[in-house]
Structure formats: structure tokens, C-alpha cells
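J.: My questions all concern the structure below.
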Amino acid sequence: MKHLKMIFTFKILIKFMLLSMVVLTTGSCDHYKTVREKLNVAENLMNAHPDSALAILDNIPSAGINNREVAARYALLKSIALDKNYIDTTNFDVLQPAIDYYIKNGKPDEKLRTYYYQGRIYQNKGDDDAAMQSFMCGREYCQESSDTLTMANLMVAQATIQYSIYKIDDFIKNNLEAANLYRAINRPDYEIYSLANVLDGSFINNDKHLADSVMSVAQERVKHNSELSKIIVPYTLSYALKFGDKEEVINILDYYKSLESIDDIDILDIAEAYYKIGDASNAKRILYSIPLESKAHSSLKYLAIKPSILELNGDLTGALHAYQDFSTVIDSIHMSIFSHDLLFAQKRHEMEKSNILEKQKFDKIIWLSLCIVFVLLIITVYIYYRYRLGQAQSLLDAQERQRLQLEQENLRTEKEKAELERDKKTLEAANLRLEIDQLEDERDNLKELQKEQSELSKPIKDVIKNRLDLLNGLLAKEITNNDRYAEPYNKWIDAVRNDKKKFMDSTRLAFAASHPKFIEYLEQHELSADEINYLCLYAIGLRGKEVGEYIKTKRHYIVSHEIRKKLGIDEHETNIGPYIRRLMKGFE
């Protein structure tokens, strides 16, 4: 009973643990889903309401960001929100998770944004060289990316650095490309700023054609967005100063007199305008109206026009000191530029890119070579396989031909054997027919002899009678094909085999009765009874080999030789059987 309670308690504990795991997992999934939804909302608000996007991101608890991908997305969105809220950061604490994840695993949009905001942080730190490196890495993904705004912002950021090192052509090119991108996404405010930058570059390069073209486009944009006119209007004075005449400058100065407030940067242009029309006192008055704490007062443009204005006012000593100040600052700027690798950053990046492309090209060649070698190896193996298969097939074909040849030879041999057997049977049938004819002749002779010669002795009559009965039975068997008729003959044959002397004597007596002249002829040639018995075996149709096998005596050939000699048989008469049978027929 106690054991059953323990089992029951254990089952309840297991169910409770499983239920807790389900609840925790569901809660974790829901929480994870909530974090992703908040990130989506922040991203959607980023361009229109960056302050709201930043507030949403700040309210996401760090405990909920426990996934590398989510952490990377959060870090990137937080960096974008800070930048759009004009909160400059100089460390990578926020962006680092995005750098760690997206640089290797990100999509083109994510890599582009990561490199851009990495460069912005470097700019905030004053490290323009590292910033340019990041921007150039980001430019590699512009062809694949769909984030047009970030692409344009990156080009403007590059142009800012290029302006600081007097790479005006690159500065103009990047701003023109950025203006086209801003126009494509319907951001006329950003487009006008980029066009204004292009105007600055055209003034520095003294490129009136470019300035005319950009000014025309800018004025067309301002017609549809009048609130943007304040961005372009100052550049009309700069244009007149650079490319216009004295009357145009005076007209623009009249416009500025009507304004209640003027930026310090615009004041510098007004001072330069008075200098250009020869109004020394107003030029000096406007120049000295700029506050000492203003950025315009310490700007390079201020230092550049001050010596000329003082000289126009006759203050040569002040002009000399002002020129010395300008020279000191400009030399410092030049030294700063050439003291680091910023001028060579793009060249270095291009070299690194070229090296990477060369390495990739080399790797492609290596892989292509390996693939070719592999393909050739496969082709070689296949050819060898086909060769071996062909050899095996040839061997099988040869074996098959040999087998067929052997079968044909066997068939031919069997056919020859069958033909020989058929010829043998035909010959045996012919011999049997001859023997039957001889037996019939002998039977007929014995019957005639039995009728005509009643004076024969009883032993001879008995031999003749027995021989007739045997011959009649044998002939009946051949005619009817019934072995029963041949039983007496078979018994006689057995007896003949058992008593060869008796058989041979009875055969001689039978021939003496049936062919007396034949026997007399043999006796006249002094043949003994045994020799006549020997010849009677030939007379009944046996061949020499059969006679030798029957009598089974070593003197068979000697007996045959002696008989030939006594009968005077020619040595060329090799077969004694046919001779004896012809001789016997000659005495009938």
C-alpha cells in the first residue's frame, strides 16, 4: 500500500513539472513575440517620430533580449534612434551587438546600416579615417540594398569628410548621387541640402556651368516647397560673388538689408560682398559684427577674407597679422590632413578591395582547376570503367562464342554419332537380312535333304531336325517380332556357348548333310575335323573377329594361316569368311 502511494505521488509530481515547463515555455514565447512586435513598432516610427521610437526601445527590458539576432536588431535600431534624435555617441556600447552579428550574418540592408552608423560613431569621435573606412565598406552593399535613405545619408557623410580634405570632386559627386536618391524617396528637404553642398563645391572649383545647372534645379524645387527657400537664398549671394557683376551683388545686398536677422555664416558673405563692390568701411563693420564666440569668427573663411578687408581699409599692419593668422591655421589644417592616412583611405580601400577580388579570382581559378581535375578524373574513371567493361564483355563474348562453338561441335559429334549409329543399324539390319537369307537357304536345303535322303544316319537326321526347328523358330521371331518363337533358339545358343565343341561338331555334320560336296572338298584338302568346324563358323555367317571371340584360342590366327595354306587361298584374300561362303555356294 505504501508503495502504491509513492508511485501515485511521483506521477503527480511529474505532471506538475510538465505543466510548469509548458507554462514557462508559452510565457517565454509570448514574451519573445512581444519584444519583436515592439521592435517592429519602433522601426515603423523611426523616420516620422524618432523620439517615440527611442522611447519604445528604452522601455524594452534587457532581460527580454536574450537572442543574438534580436539583440543585433535592437542595437541597430537604438543607434539609429539616437542619431535621429541628435544624440551623438562616441562609443560602441550600443551598436556592438549589431556589428558582431550583422557584419557576418546580416542581409545587405542590415550590413549597410551597421557600417553607416559605425562610421557615424567614428565621426563623433573625430576619427575620420576609420569613419571613411566604415563608409566605404558600407558602399559595397549599395547595389544589393533597398534602403535608399541610408545609402544617401552614407554618401553625404562621405562627402563631409571629403570636403574637409579638399577632395572637392568626390564631395560634389557624392552629393549629386545623394540628391538623386533623396528625390527618389520624396525627401525634398534632404535633396535641397545636398544640392546646396554641390553649389559650394562648384564655387570652390570655379565651375559656373555646374553652378548654373544646380541653381536651376534648386530653384525649381523651391517653387514647390517655398519653406525650403531659406536654404538656397544664401547661395544666390555666393553665386553673385563668384560669377556675377557689381550690380548683381548690390541687388542682393539690398535684399539682405530687408532681413531682420542674418546667420553669422551669411554675414561673412555680406562682408565679402561689400569688399567686392569696394565699400571698405561697411565690409570691416560687418566683419567685426560677428561675435567672438561664434563659429564663423574662427572659421577659415573669416580668416581668409579678413586680410583683404583690412588691406582695403588701409590697415596694412593689421592685414599682415591677419594673413599670418590665416597662414598659420591653413598650415595647421594641411599638416593635420597629411599627418594621417585619411587622404589615402579610399586608395587603401580600393587596394584592399582589389586584393580581395584578386584573391577571389585566384580562389575561383583554384576551384575551377579542382573542378576540371575532378571532372577529368571522373571521365578517366568512366573511360577506364568502360574499357574494363568492354574487356569483360569481349571476354564474355569470346567465352560465349567458344561455348557456342563447343555446342556446335558437340551437336556435330552427336549428329555424326547418330549417323554412325544409323549406318551401324543399317549395316546390322543388312547383315541380319543376309543371315536370315542364309538361314532360310540352310533351312530349305535341310528340308530337301530331309526329304530326299532317308538313308542318312539317325544322328545326322537328329541334327538336321534340331537345326530346322531352331531355324523355323528364329525366322518366326523375325517375321512376327515375337520373342516367344526364339526361346528354343536362345536355349540352343546358351547350350552352344556352354559346349562349343558339340556346337561346332553339330554344325559340321549339318553342313555335311546339306552341302556334302563342300565338306568333301575340304576333306580332300586334308583339313582336319577341327579345321572344318572352324570354317563352318564362317559358313554360317560369322566374321573373323566373331570367330576368334567365340573359340577363344590363341591359335586362332595360326589356324587361319594353316587353312589358307592348305586351301591355296591367295594371300591377298584377306577375308576368309566371304571366300568360304562363295566356295560353299559353288557346290550347291
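Each chain in the C-alpha cells gets a letter, A, B, ..., in the order shown, and its residues are numbered from 1; ligands are numbered from 1 in order too.
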Give me the residues within 12 Å of A:Tyr239 as a list in words, counting only C-alpha atoms and dropping any in the same chain fewer than 6 places off.

T.: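 Surrounding residues, per the criterion: Ala196, Leu199, Asp200, Gly201, Ser202, Phe203, Ile204, Asn206, Asp207, Lys208, His209, Leu210, Ala211, Asp212, Val214, Met215, Ile232, Val233, Asp245, Glu248, Val249, Ile252, Asp269 and Ala273 of chain A.
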
J.: Identify, on the basis of only C-alpha atoms, every residue whose closest approach to A:Asp264 does not exceed 12 Å; exclude the query and any residue fewer than 2 positions from it along the same chain; express the result as a PyMOL selection string.

T.: chain A and resi 234+261-262+266-271+286-299+301-302

J.: Between A:Ser79, A:Ser216, A:Asn225, A:Gln393, which has the minimum distance to A:Met46 (counting only C-alpha atoms)?

T.: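 Smallest distance to A:Met46 is found for A:Ser79.
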
J.: So the first atom is atom CA of A:Leu39 and the second is atom CA of A:Lys78; what is the distance between them in Å, to one decimal place?

T.: 9.8 Å

J.: Could you jot down the atom CA of A:Ile569 to atom CA of A:Leu427 separation for me, Å, one decimal place?

T.: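 Atom CA of A:Leu427 lies 27.2 Å from atom CA of A:Ile569.
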
J.: Would you please extract all helix (DSSP H, G or I) residues from stretch 96-334 of chain A, as assigned by DSSP on the backbone, and give them as a ChimeraX atom specification?

T.: /A:96-105,108-125,128-139,148-164,168-184,188-204,208-224,226-243,246-257,264-277,280-288,295-298,300-312,316-334

J.: Give me, please, the distance in Å between atom CA of A:Pro307 and atom CA of A:Lys257, quoted to one decimal.

T.: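 These atoms are spaced 24.6 Å apart.
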
J.: So, with only C-alpha atoms as the atoms that count, which of A:Thr328, A:Thr34, A:Asn533, A:Gln118 lies closest to A:Cys137?

T.: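 Using only C-alpha atoms, A:Cys137 sits closest to A:Gln118.
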